[in-house]
$ cat structure27.txt   # compact mmCIF, C-alpha atoms
# COMPACT_ATOMS: atom_id res chain seq x y z
CA MET A 219 26.68 -15.24 4.00
CA SER A 220 24.34 -14.77 6.92
CA ALA A 221 26.02 -17.47 8.97
CA GLU A 222 28.69 -15.19 10.41
CA LEU A 223 26.30 -12.58 11.74
CA PRO A 224 26.91 -11.71 15.40
CA PHE A 225 24.07 -12.00 17.83
CA TRP A 226 23.34 -8.29 18.22
CA ALA A 227 23.09 -7.86 14.46
CA SER A 228 20.63 -10.73 14.17
CA LEU A 229 18.64 -9.19 17.04
CA ILE A 230 18.44 -5.84 15.21
CA LEU A 231 17.46 -7.65 12.01
CA ALA A 232 14.78 -9.60 13.86
CA VAL A 233 13.28 -6.42 15.33
CA LEU A 234 13.27 -4.74 11.90
CA LEU A 235 11.70 -7.77 10.20
CA VAL A 236 8.98 -8.14 12.83
CA THR A 237 8.20 -4.44 12.58
CA ALA A 238 7.98 -4.68 8.80
CA GLY A 239 5.65 -7.67 8.99
CA PHE A 240 3.47 -5.90 11.53
CA PHE A 241 3.20 -2.80 9.33
CA ALA A 242 2.35 -4.83 6.24
CA LEU A 243 -0.31 -6.75 8.16
CA THR A 244 -1.77 -3.50 9.52
CA GLY A 245 -1.95 -1.96 6.07
CA SER A 246 -3.73 -4.90 4.53
CA LEU A 247 -6.06 -5.18 7.52
CA GLY A 248 -7.00 -1.56 6.95
CA LEU A 249 -7.54 -2.34 3.27
CA LEU A 250 -9.83 -5.18 4.26
CA ARG A 251 -11.78 -3.71 7.15
CA LEU A 252 -12.17 0.06 6.70
CA PRO A 253 -15.69 1.10 5.69
CA HIS A 254 -15.36 3.06 2.43
CA PHE A 255 -12.83 3.75 -0.28
CA TYR A 256 -11.70 7.17 0.88
CA SER A 257 -10.52 5.72 4.18
CA ARG A 258 -9.31 2.48 2.62
CA ILE A 259 -6.85 4.21 0.32
CA HIS A 260 -4.52 5.58 2.96
CA ALA A 261 -3.95 2.37 4.91
CA PRO A 262 -1.84 0.34 2.42
CA THR A 263 -0.16 3.43 1.02
CA LEU A 264 1.16 4.43 4.43
CA ALA A 265 1.91 1.04 5.90
CA ASN A 266 3.61 -0.46 2.85
CA THR A 267 6.00 2.48 2.64
CA LEU A 268 6.93 2.06 6.31
CA SER A 269 7.39 -1.70 6.06
CA SER A 270 9.49 -1.40 2.91
CA PHE A 271 11.64 1.14 4.70
CA CYS A 272 12.16 -1.33 7.57
CA ILE A 273 13.13 -4.12 5.14
CA VAL A 274 15.56 -1.84 3.32
CA LEU A 275 17.11 -0.85 6.65
CA ALA A 276 17.52 -4.55 7.47
CA LEU A 277 19.26 -5.12 4.12
CA ILE A 278 21.61 -2.20 4.80
CA VAL A 279 22.43 -3.55 8.29
CA THR A 280 23.13 -7.00 6.84
CA ALA A 281 25.46 -5.60 4.18
CA ALA A 282 27.20 -3.34 6.68
CA VAL A 283 27.86 -6.16 9.15
CA THR A 284 28.90 -8.89 6.72
CA GLU A 285 30.85 -6.83 4.22
CA HIS A 286 31.98 -3.95 6.50
CA ARG A 287 30.93 -1.28 4.07
CA PHE A 288 27.91 0.88 3.44
CA VAL A 289 25.80 -0.51 0.61
CA ALA A 290 23.35 2.13 -0.51
CA HIS A 291 21.71 0.56 -3.53
CA SER A 292 18.96 -0.88 -1.33
CA LEU A 293 17.92 2.68 -0.66
CA LEU A 294 16.90 2.85 -4.32
CA ILE A 295 13.77 0.79 -3.62
CA SER A 296 12.79 2.97 -0.67
CA PHE A 297 13.46 6.16 -2.63
CA PHE A 298 11.45 4.94 -5.60
CA LEU A 299 8.57 3.82 -3.41
CA ILE A 300 8.48 7.14 -1.56
CA ILE A 301 8.23 8.94 -4.90
CA THR A 302 5.71 6.65 -6.60
CA SER A 303 3.33 5.77 -3.80
CA PRO A 304 1.71 9.24 -3.44
CA VAL A 305 1.40 9.51 -7.23
CA THR A 306 -0.58 6.28 -7.40
CA ALA A 307 -2.69 7.31 -4.42
CA MET A 308 -3.52 10.70 -5.91
CA LEU A 309 -4.43 9.26 -9.31
CA LEU A 310 -6.64 6.58 -7.71
CA MET A 311 -8.30 9.20 -5.51
CA ARG A 312 -9.05 11.45 -8.47
CA ALA A 313 -10.43 8.50 -10.42
CA ALA A 314 -12.63 7.46 -7.50
CA ILE A 315 -13.98 10.98 -7.01
CA LYS A 316 -14.68 11.37 -10.73
CA ARG A 317 -16.52 8.07 -10.90
CA GLU A 318 -18.48 8.91 -7.77
CA LEU A 319 -19.62 12.19 -9.33
CA GLN A 320 -20.53 10.39 -12.55
CA ARG A 321 -22.54 7.87 -10.57
CA ARG A 322 -24.39 10.66 -8.80
CA GLU A 323 -25.20 12.42 -12.06
CA GLU A 324 -26.51 9.20 -13.51
CA GLN A 325 -28.88 9.00 -10.57
CA GLY A 326 -30.41 12.26 -11.69
CA LYS A 327 -28.86 14.65 -9.21
CA SER A 328 -27.13 17.23 -11.33
CA SER A 329 -25.83 19.39 -8.50
CA VAL A 330 -22.55 18.26 -6.97
CA ASN A 331 -23.36 19.03 -3.33
CA ALA A 332 -27.01 18.24 -3.34
CA PRO A 333 -27.80 17.52 0.29
CA GLU A 334 -30.16 14.63 -0.30
CA VAL A 335 -27.39 12.59 -1.96
CA LYS A 336 -25.51 10.53 0.58
CA LEU A 337 -22.00 9.28 0.03
CA GLU A 338 -21.21 5.69 0.85
CA GLY A 339 -19.23 6.63 3.89
CA PRO A 340 -19.34 9.66 6.18
CA SER A 341 -22.33 11.93 6.40
CA LEU A 342 -22.06 15.17 4.51
CA PRO A 343 -21.87 18.38 6.54
CA GLU A 344 -24.22 20.16 4.11
CA ALA A 345 -27.08 17.95 5.24
CA ASP A 346 -26.78 19.28 8.78
CA GLU A 347 -26.79 22.90 7.58
CA GLU A 348 -29.79 22.22 5.37
CA ALA A 349 -31.67 20.67 8.27
CA LYS A 350 -30.75 23.66 10.45
CA GLU A 351 -31.98 26.08 7.81
CA ALA A 352 -35.19 24.13 7.38
CA GLY A 353 -35.71 24.15 11.14
CA GLY A 354 -35.11 27.92 11.25
CA ALA A 355 -37.58 28.46 8.40
CA THR A 356 -40.33 26.46 10.00
CA GLY A 357 -39.66 27.87 13.46
CA MET B 145 21.63 -18.21 10.73
CA SER B 146 20.63 -17.83 14.30
CA LEU B 147 17.32 -19.01 15.65
CA VAL B 148 16.02 -15.51 16.43
CA LEU B 149 16.60 -14.30 12.89
CA ASP B 150 15.06 -17.47 11.48
CA ILE B 151 11.88 -17.01 13.52
CA ALA B 152 11.71 -13.33 12.57
CA VAL B 153 12.09 -14.15 8.86
CA TYR B 154 9.32 -16.73 9.04
CA PHE B 155 7.10 -14.31 10.96
CA ALA B 156 7.65 -11.58 8.37
CA LEU B 157 6.99 -13.99 5.49
CA GLY B 158 3.78 -15.18 7.14
CA CYS B 159 2.65 -11.58 7.66
CA PHE B 160 3.29 -10.75 4.00
CA VAL B 161 1.41 -13.84 2.84
CA ILE B 162 -1.59 -12.99 5.04
CA ALA B 163 -1.47 -9.42 3.73
CA ILE B 164 -1.48 -10.68 0.13
CA GLY B 165 -4.45 -12.90 1.03
CA MET B 166 -6.40 -9.93 2.39
CA ALA B 167 -5.58 -7.95 -0.76
CA VAL B 168 -6.80 -10.87 -2.87
CA PHE B 169 -10.09 -10.81 -0.95
CA ARG B 170 -10.44 -7.08 -1.66
CA LEU B 171 -9.51 -7.71 -5.29
CA ALA B 172 -12.22 -10.32 -5.67
CA PHE B 173 -15.04 -8.65 -3.72
CA GLY B 174 -14.16 -4.97 -4.02
CA PRO B 175 -17.26 -2.82 -4.47
CA SER B 176 -15.68 -0.38 -6.91
CA MET B 177 -12.98 -0.56 -9.54
CA ALA B 178 -10.64 1.75 -7.63
CA ASP B 179 -10.73 -0.74 -4.74
CA ARG B 180 -9.46 -3.46 -7.01
CA ILE B 181 -6.62 -1.33 -8.32
CA LEU B 182 -5.70 -0.41 -4.76
CA ALA B 183 -5.66 -4.12 -3.88
CA LEU B 184 -3.35 -4.81 -6.84
CA ASP B 185 -1.08 -2.00 -5.64
CA ALA B 186 -0.90 -3.51 -2.14
CA MET B 187 -0.31 -6.95 -3.66
CA TYR B 188 2.71 -6.00 -5.71
CA ILE B 189 4.30 -4.11 -2.82
CA ASN B 190 3.81 -7.09 -0.51
CA GLY B 191 5.24 -9.45 -3.10
CA MET B 192 8.24 -7.19 -3.46
CA LEU B 193 8.74 -7.22 0.31
CA THR B 194 8.50 -11.02 0.28
CA LEU B 195 11.26 -11.17 -2.34
CA LEU B 196 13.44 -8.78 -0.32
CA THR B 197 12.98 -10.90 2.80
CA LEU B 198 13.87 -14.06 0.86
CA GLY B 199 16.99 -12.32 -0.42
CA LEU B 200 17.91 -11.45 3.16
CA ARG B 201 17.34 -15.05 4.22
CA PHE B 202 19.33 -16.75 1.47
CA GLY B 203 21.99 -14.08 1.14
CA SER B 204 21.56 -13.71 -2.60
CA SER B 205 21.62 -10.41 -4.48
CA LEU B 206 19.48 -11.67 -7.36
CA TYR B 207 16.31 -11.11 -5.37
CA PHE B 208 17.08 -7.41 -5.08
CA ASP B 209 17.06 -6.90 -8.84
CA ILE B 210 13.79 -8.77 -9.21
CA ALA B 211 12.30 -6.63 -6.43
CA LEU B 212 13.44 -3.44 -8.14
CA LEU B 213 11.87 -4.58 -11.42
CA ILE B 214 8.61 -5.44 -9.65
CA CYS B 215 8.65 -2.01 -8.00
CA ILE B 216 9.07 -0.14 -11.29
CA PHE B 217 6.64 -2.16 -13.39
CA GLY B 218 4.04 -2.37 -10.65
CA PHE B 219 4.03 1.40 -10.43
CA VAL B 220 3.65 1.69 -14.20
CA GLY B 221 0.76 -0.78 -14.17
CA SER B 222 -1.04 0.94 -11.30
CA VAL B 223 -0.71 4.35 -12.91
CA ALA B 224 -1.93 3.00 -16.24
CA MET B 225 -5.02 1.43 -14.67
CA ALA B 226 -5.77 4.54 -12.60
CA LYS B 227 -5.39 6.67 -15.72
CA PHE B 228 -7.77 4.37 -17.52
CA LEU B 229 -10.34 4.83 -14.77
CA LEU B 230 -9.78 8.57 -14.82
CA ARG B 231 -9.90 9.27 -18.56
CA GLY B 232 -11.21 6.19 -20.31
CA GLU B 233 -7.98 5.62 -22.19
CA VAL B 234 -4.37 5.26 -21.16
CA ILE B 235 -2.42 7.08 -23.85
CA GLU B 236 -4.21 10.17 -25.04
CA PRO B 237 -3.63 11.54 -28.54
$ encode --input "structure27.txt" --output "structure tokens"
Amino acid sequence: MSAELPFWASLILAVLLVTAGFFALTGSLGLLRLPHFYSRIHAPTLANTLSSFCIVLALIVTAAVTEHRFVAHSLLISFFLIITSPVTAMLLMRAAIKRELQRREEQGKSSVNAPEVKLEGPSLPEADEEAKEAGGATG
Amino acid sequence: MSLVLDIAVYFALGCFVIAIGMAVFRLAFGPSMADRILALDAMYINGMLTLLTLGLRFGSSLYFDIALLICIFGFVGSVAMAKFLLRGEVIEP
């Protein structure tokens, strides 16, 4: 089926495939290397959607060149992934936040934004305000 | 199958396999449970992309149906596991 592809079509397909592979590799590299969960969650969610869109575009180009008609059922995967990927990300994010709060309460800090509790990742802005207030009180 | 397309297909397949390997690392050594579910999510999407690329390479339409099934059931599995982390049970009475 793919044997009768003209050269320009195979060039377009090659560019789309290389872009898709690059996006997938970037997403999983972000999943592997980013420091904490709240920054890790957006890398595969974003990059896998983009790479799947590139692959679906390559499938549509292949069907359009070889069969001379527009085949749209490959768009179903992209459509479904665009719908479901934010749902999964939001549920995972809520679960992670809930478990983080539970872990903090088990450590004995009942208040949610207690400034002496540090998250795993970025520093909390309340800590800076607390330090500023303490400095103003002593000075 | 021209040489350019062949090289691009092999490059994309290699990228997907490396991506699945990184997700397997995160699945094995993830610090929290949400990390592992996120790694499973990335794994099924990369496997689906591998199947789509194989379908493009061999010119078969069977791979597309398998990829659609993986897409649907992977989403259901991810949502079920995230719901389990969120509530403690999947189907609430």
$ interface_residues --input "structure27.txt" --of "chain B" --to "chain A" --cutoff "7 Å" --atoms "only C-alpha atoms" --output "PyMOL selection string"
chain B and resi 145+148-149+152-153+155-156+159-160+163+166-167+170+178-179+182+186+189+193+200+203+212+219+222-223+226-227+229-230
$ atom_distance --input "structure27.txt" --atom1 "atom CA of Pro253 of chain A" --atom2 "atom CA of Phe169 of chain B"
14.7 Å
$ atom_distance --input "structure27.txt" --atom1 "atom CA of Ile181 of chain B" --atom2 "atom CA of Met225 of chain B"
7.1 Å
$ atom_distance --input "structure27.txt" --atom1 "atom CA of Phe217 of chain B" --atom2 "atom CA of Val161 of chain B"
20.7 Å
$ residues_around --input "structure27.txt" --residues "Gly218 of chain B" --least-positions-apart "4" --cutoff "8 Å" --atoms "only C-alpha atoms" --output "list in words"
Asp185, Tyr188, Ile214 and Ser222 of chain B
$ closest_residue --input "structure27.txt" --among "A:Leu275, A:Leu319, A:Glu324, A:Phe297" --to "Thr197 of chain B" --atoms "all atoms listed in the file"
A:Leu275
$ decode --input "structure27.txt" --residues "segment 146-194 of chain B" --atoms "N, CA and C atoms" --output "PDB file, in the first residue's frame"
ATOM      1  N   SER B 146       9.927   4.252   0.577  1.00  0.00           N
ATOM      2  CA  SER B 146      11.185   4.937   0.279  1.00  0.00           C
ATOM      3  C   SER B 146      12.104   4.907   1.503  1.00  0.00           C
ATOM      4  N   LEU B 147      13.340   5.263   1.254  1.00  0.00           N
ATOM      5  CA  LEU B 147      14.345   5.156   2.323  1.00  0.00           C
ATOM      6  C   LEU B 147      14.109   6.200   3.409  1.00  0.00           C
ATOM      7  N   VAL B 148      13.665   7.403   2.982  1.00  0.00           N
ATOM      8  CA  VAL B 148      13.448   8.477   3.955  1.00  0.00           C
ATOM      9  C   VAL B 148      12.344   8.097   4.938  1.00  0.00           C
ATOM     10  N   LEU B 149      11.258   7.568   4.384  1.00  0.00           N
ATOM     11  CA  LEU B 149      10.140   7.170   5.242  1.00  0.00           C
ATOM     12  C   LEU B 149      10.521   6.011   6.155  1.00  0.00           C
ATOM     13  N   ASP B 150      11.342   5.104   5.619  1.00  0.00           N
ATOM     14  CA  ASP B 150      11.793   3.971   6.432  1.00  0.00           C
ATOM     15  C   ASP B 150      12.608   4.444   7.631  1.00  0.00           C
ATOM     16  N   ILE B 151      13.558   5.361   7.357  1.00  0.00           N
ATOM     17  CA  ILE B 151      14.391   5.883   8.448  1.00  0.00           C
ATOM     18  C   ILE B 151      13.534   6.634   9.458  1.00  0.00           C
ATOM     19  N   ALA B 152      12.562   7.407   8.966  1.00  0.00           N
ATOM     20  CA  ALA B 152      11.703   8.172   9.883  1.00  0.00           C
ATOM     21  C   ALA B 152      10.860   7.246  10.747  1.00  0.00           C
ATOM     22  N   VAL B 153      10.357   6.152  10.141  1.00  0.00           N
ATOM     23  CA  VAL B 153       9.555   5.199  10.927  1.00  0.00           C
ATOM     24  C   VAL B 153      10.414   4.550  12.001  1.00  0.00           C
ATOM     25  N   TYR B 154      11.645   4.179  11.643  1.00  0.00           N
ATOM     26  CA  TYR B 154      12.499   3.556  12.656  1.00  0.00           C
ATOM     27  C   TYR B 154      12.888   4.540  13.746  1.00  0.00           C
ATOM     28  N   PHE B 155      13.105   5.809  13.350  1.00  0.00           N
ATOM     29  CA  PHE B 155      13.424   6.838  14.358  1.00  0.00           C
ATOM     30  C   PHE B 155      12.255   7.023  15.321  1.00  0.00           C
ATOM     31  N   ALA B 156      11.038   7.098  14.761  1.00  0.00           N
ATOM     32  CA  ALA B 156       9.870   7.298  15.629  1.00  0.00           C
ATOM     33  C   ALA B 156       9.670   6.100  16.552  1.00  0.00           C
ATOM     34  N   LEU B 157       9.858   4.886  16.009  1.00  0.00           N
ATOM     35  CA  LEU B 157       9.690   3.693  16.857  1.00  0.00           C
ATOM     36  C   LEU B 157      10.727   3.669  17.976  1.00  0.00           C
ATOM     37  N   GLY B 158      11.970   4.040  17.642  1.00  0.00           N
ATOM     38  CA  GLY B 158      13.004   4.088  18.671  1.00  0.00           C
ATOM     39  C   GLY B 158      12.686   5.110  19.744  1.00  0.00           C
ATOM     40  N   CYS B 159      12.167   6.276  19.322  1.00  0.00           N
ATOM     41  CA  CYS B 159      11.795   7.308  20.296  1.00  0.00           C
ATOM     42  C   CYS B 159      10.685   6.819  21.210  1.00  0.00           C
ATOM     43  N   PHE B 160       9.692   6.121  20.646  1.00  0.00           N
ATOM     44  CA  PHE B 160       8.597   5.628  21.486  1.00  0.00           C
ATOM     45  C   PHE B 160       9.094   4.573  22.460  1.00  0.00           C
ATOM     46  N   VAL B 161      10.021   3.726  22.002  1.00  0.00           N
ATOM     47  CA  VAL B 161      10.526   2.677  22.898  1.00  0.00           C
ATOM     48  C   VAL B 161      11.331   3.292  24.036  1.00  0.00           C
ATOM     49  N   ILE B 162      12.154   4.316  23.717  1.00  0.00           N
ATOM     50  CA  ILE B 162      12.918   4.977  24.776  1.00  0.00           C
ATOM     51  C   ILE B 162      11.975   5.679  25.757  1.00  0.00           C
ATOM     52  N   ALA B 163      10.902   6.268  25.209  1.00  0.00           N
ATOM     53  CA  ALA B 163       9.926   6.938  26.075  1.00  0.00           C
ATOM     54  C   ALA B 163       9.241   5.942  27.002  1.00  0.00           C
ATOM     55  N   ILE B 164       8.904   4.749  26.467  1.00  0.00           N
ATOM     56  CA  ILE B 164       8.298   3.716  27.318  1.00  0.00           C
ATOM     57  C   ILE B 164       9.298   3.265  28.387  1.00  0.00           C
ATOM     58  N   GLY B 165      10.581   3.193  28.020  1.00  0.00           N
ATOM     59  CA  GLY B 165      11.594   2.816  29.001  1.00  0.00           C
ATOM     60  C   GLY B 165      11.703   3.823  30.131  1.00  0.00           C
ATOM     61  N   MET B 166      11.663   5.127  29.787  1.00  0.00           N
ATOM     62  CA  MET B 166      11.696   6.155  30.830  1.00  0.00           C
ATOM     63  C   MET B 166      10.468   6.064  31.729  1.00  0.00           C
ATOM     64  N   ALA B 167       9.297   5.793  31.119  1.00  0.00           N
ATOM     65  CA  ALA B 167       8.085   5.664  31.929  1.00  0.00           C
ATOM     66  C   ALA B 167       8.174   4.442  32.833  1.00  0.00           C
ATOM     67  N   VAL B 168       8.817   3.375  32.361  1.00  0.00           N
ATOM     68  CA  VAL B 168       8.980   2.186  33.202  1.00  0.00           C
ATOM     69  C   VAL B 168       9.895   2.503  34.388  1.00  0.00           C
ATOM     70  N   PHE B 169      10.919   3.312  34.151  1.00  0.00           N
ATOM     71  CA  PHE B 169      11.781   3.732  35.265  1.00  0.00           C
ATOM     72  C   PHE B 169      10.979   4.501  36.308  1.00  0.00           C
ATOM     73  N   ARG B 170      10.129   5.440  35.827  1.00  0.00           N
ATOM     74  CA  ARG B 170       9.319   6.223  36.757  1.00  0.00           C
ATOM     75  C   ARG B 170       8.281   5.347  37.452  1.00  0.00           C
ATOM     76  N   LEU B 171       7.816   4.328  36.738  1.00  0.00           N
ATOM     77  CA  LEU B 171       6.846   3.401  37.340  1.00  0.00           C
ATOM     78  C   LEU B 171       7.489   2.578  38.440  1.00  0.00           C
ATOM     79  N   ALA B 172       8.754   2.224  38.253  1.00  0.00           N
ATOM     80  CA  ALA B 172       9.408   1.375  39.250  1.00  0.00           C
ATOM     81  C   ALA B 172       9.883   2.193  40.444  1.00  0.00           C
ATOM     82  N   PHE B 173      10.444   3.395  40.197  1.00  0.00           N
ATOM     83  CA  PHE B 173      11.075   4.148  41.285  1.00  0.00           C
ATOM     84  C   PHE B 173      10.332   5.422  41.639  1.00  0.00           C
ATOM     85  N   GLY B 174       9.049   5.517  41.231  1.00  0.00           N
ATOM     86  CA  GLY B 174       8.320   6.747  41.515  1.00  0.00           C
ATOM     87  C   GLY B 174       8.153   6.977  42.998  1.00  0.00           C
ATOM     88  N   PRO B 175       8.362   8.206  43.480  1.00  0.00           N
ATOM     89  CA  PRO B 175       8.260   8.416  44.922  1.00  0.00           C
ATOM     90  C   PRO B 175       6.833   8.297  45.433  1.00  0.00           C
ATOM     91  N   SER B 176       5.857   8.730  44.679  1.00  0.00           N
ATOM     92  CA  SER B 176       4.476   8.664  45.164  1.00  0.00           C
ATOM     93  C   SER B 176       3.648   7.781  44.238  1.00  0.00           C
ATOM     94  N   MET B 177       2.432   7.492  44.680  1.00  0.00           N
ATOM     95  CA  MET B 177       1.559   6.634  43.884  1.00  0.00           C
ATOM     96  C   MET B 177       1.053   7.358  42.632  1.00  0.00           C
ATOM     97  N   ALA B 178       0.845   8.658  42.734  1.00  0.00           N
ATOM     98  CA  ALA B 178       0.354   9.410  41.576  1.00  0.00           C
ATOM     99  C   ALA B 178       1.390   9.417  40.454  1.00  0.00           C
ATOM    100  N   ASP B 179       2.681   9.379  40.835  1.00  0.00           N
ATOM    101  CA  ASP B 179       3.741   9.279  39.827  1.00  0.00           C
ATOM    102  C   ASP B 179       3.626   7.991  39.036  1.00  0.00           C
ATOM    103  N   ARG B 180       3.311   6.920  39.741  1.00  0.00           N
ATOM    104  CA  ARG B 180       3.221   5.631  39.038  1.00  0.00           C
ATOM    105  C   ARG B 180       2.034   5.606  38.094  1.00  0.00           C
ATOM    106  N   ILE B 181       0.925   6.196  38.524  1.00  0.00           N
ATOM    107  CA  ILE B 181      -0.240   6.221  37.629  1.00  0.00           C
ATOM    108  C   ILE B 181       0.036   7.103  36.426  1.00  0.00           C
ATOM    109  N   LEU B 182       0.755   8.190  36.642  1.00  0.00           N
ATOM    110  CA  LEU B 182       1.132   9.057  35.520  1.00  0.00           C
ATOM    111  C   LEU B 182       2.051   8.326  34.550  1.00  0.00           C
ATOM    112  N   ALA B 183       2.948   7.502  35.101  1.00  0.00           N
ATOM    113  CA  ALA B 183       3.840   6.717  34.235  1.00  0.00           C
ATOM    114  C   ALA B 183       3.051   5.687  33.430  1.00  0.00           C
ATOM    115  N   LEU B 184       2.037   5.078  34.063  1.00  0.00           N
ATOM    116  CA  LEU B 184       1.194   4.132  33.318  1.00  0.00           C
ATOM    117  C   LEU B 184       0.434   4.841  32.201  1.00  0.00           C
ATOM    118  N   ASP B 185      -0.024   6.065  32.487  1.00  0.00           N
ATOM    119  CA  ASP B 185      -0.733   6.854  31.488  1.00  0.00           C
ATOM    120  C   ASP B 185       0.175   7.144  30.284  1.00  0.00           C
ATOM    121  N   ALA B 186       1.397   7.571  30.580  1.00  0.00           N
ATOM    122  CA  ALA B 186       2.351   7.836  29.485  1.00  0.00           C
ATOM    123  C   ALA B 186       2.686   6.558  28.728  1.00  0.00           C
ATOM    124  N   MET B 187       2.729   5.431  29.455  1.00  0.00           N
ATOM    125  CA  MET B 187       3.072   4.161  28.801  1.00  0.00           C
ATOM    126  C   MET B 187       2.005   3.728  27.817  1.00  0.00           C
ATOM    127  N   TYR B 188       0.738   3.836  28.208  1.00  0.00           N
ATOM    128  CA  TYR B 188      -0.274   3.353  27.253  1.00  0.00           C
ATOM    129  C   TYR B 188      -0.379   4.280  26.052  1.00  0.00           C
ATOM    130  N   ILE B 189      -0.149   5.578  26.254  1.00  0.00           N
ATOM    131  CA  ILE B 189      -0.228   6.472  25.090  1.00  0.00           C
ATOM    132  C   ILE B 189       0.937   6.199  24.138  1.00  0.00           C
ATOM    133  N   ASN B 190       2.120   5.921  24.703  1.00  0.00           N
ATOM    134  CA  ASN B 190       3.252   5.629  23.825  1.00  0.00           C
ATOM    135  C   ASN B 190       3.094   4.294  23.111  1.00  0.00           C
ATOM    136  N   GLY B 191       2.507   3.316  23.797  1.00  0.00           N
ATOM    137  CA  GLY B 191       2.235   2.050  23.120  1.00  0.00           C
ATOM    138  C   GLY B 191       1.225   2.194  22.003  1.00  0.00           C
ATOM    139  N   MET B 192       0.228   3.051  22.238  1.00  0.00           N
ATOM    140  CA  MET B 192      -0.756   3.319  21.190  1.00  0.00           C
ATOM    141  C   MET B 192      -0.105   4.000  19.990  1.00  0.00           C
ATOM    142  N   LEU B 193       0.819   4.921  20.253  1.00  0.00           N
ATOM    143  CA  LEU B 193       1.512   5.589  19.136  1.00  0.00           C
ATOM    144  C   LEU B 193       2.403   4.614  18.386  1.00  0.00           C
ATOM    145  N   THR B 194       3.010   3.667  19.129  1.00  0.00           N
ATOM    146  CA  THR B 194       3.812   2.638  18.455  1.00  0.00           C
ATOM    147  C   THR B 194       2.951   1.800  17.513  1.00  0.00           C
TER     148      THR B 194
END
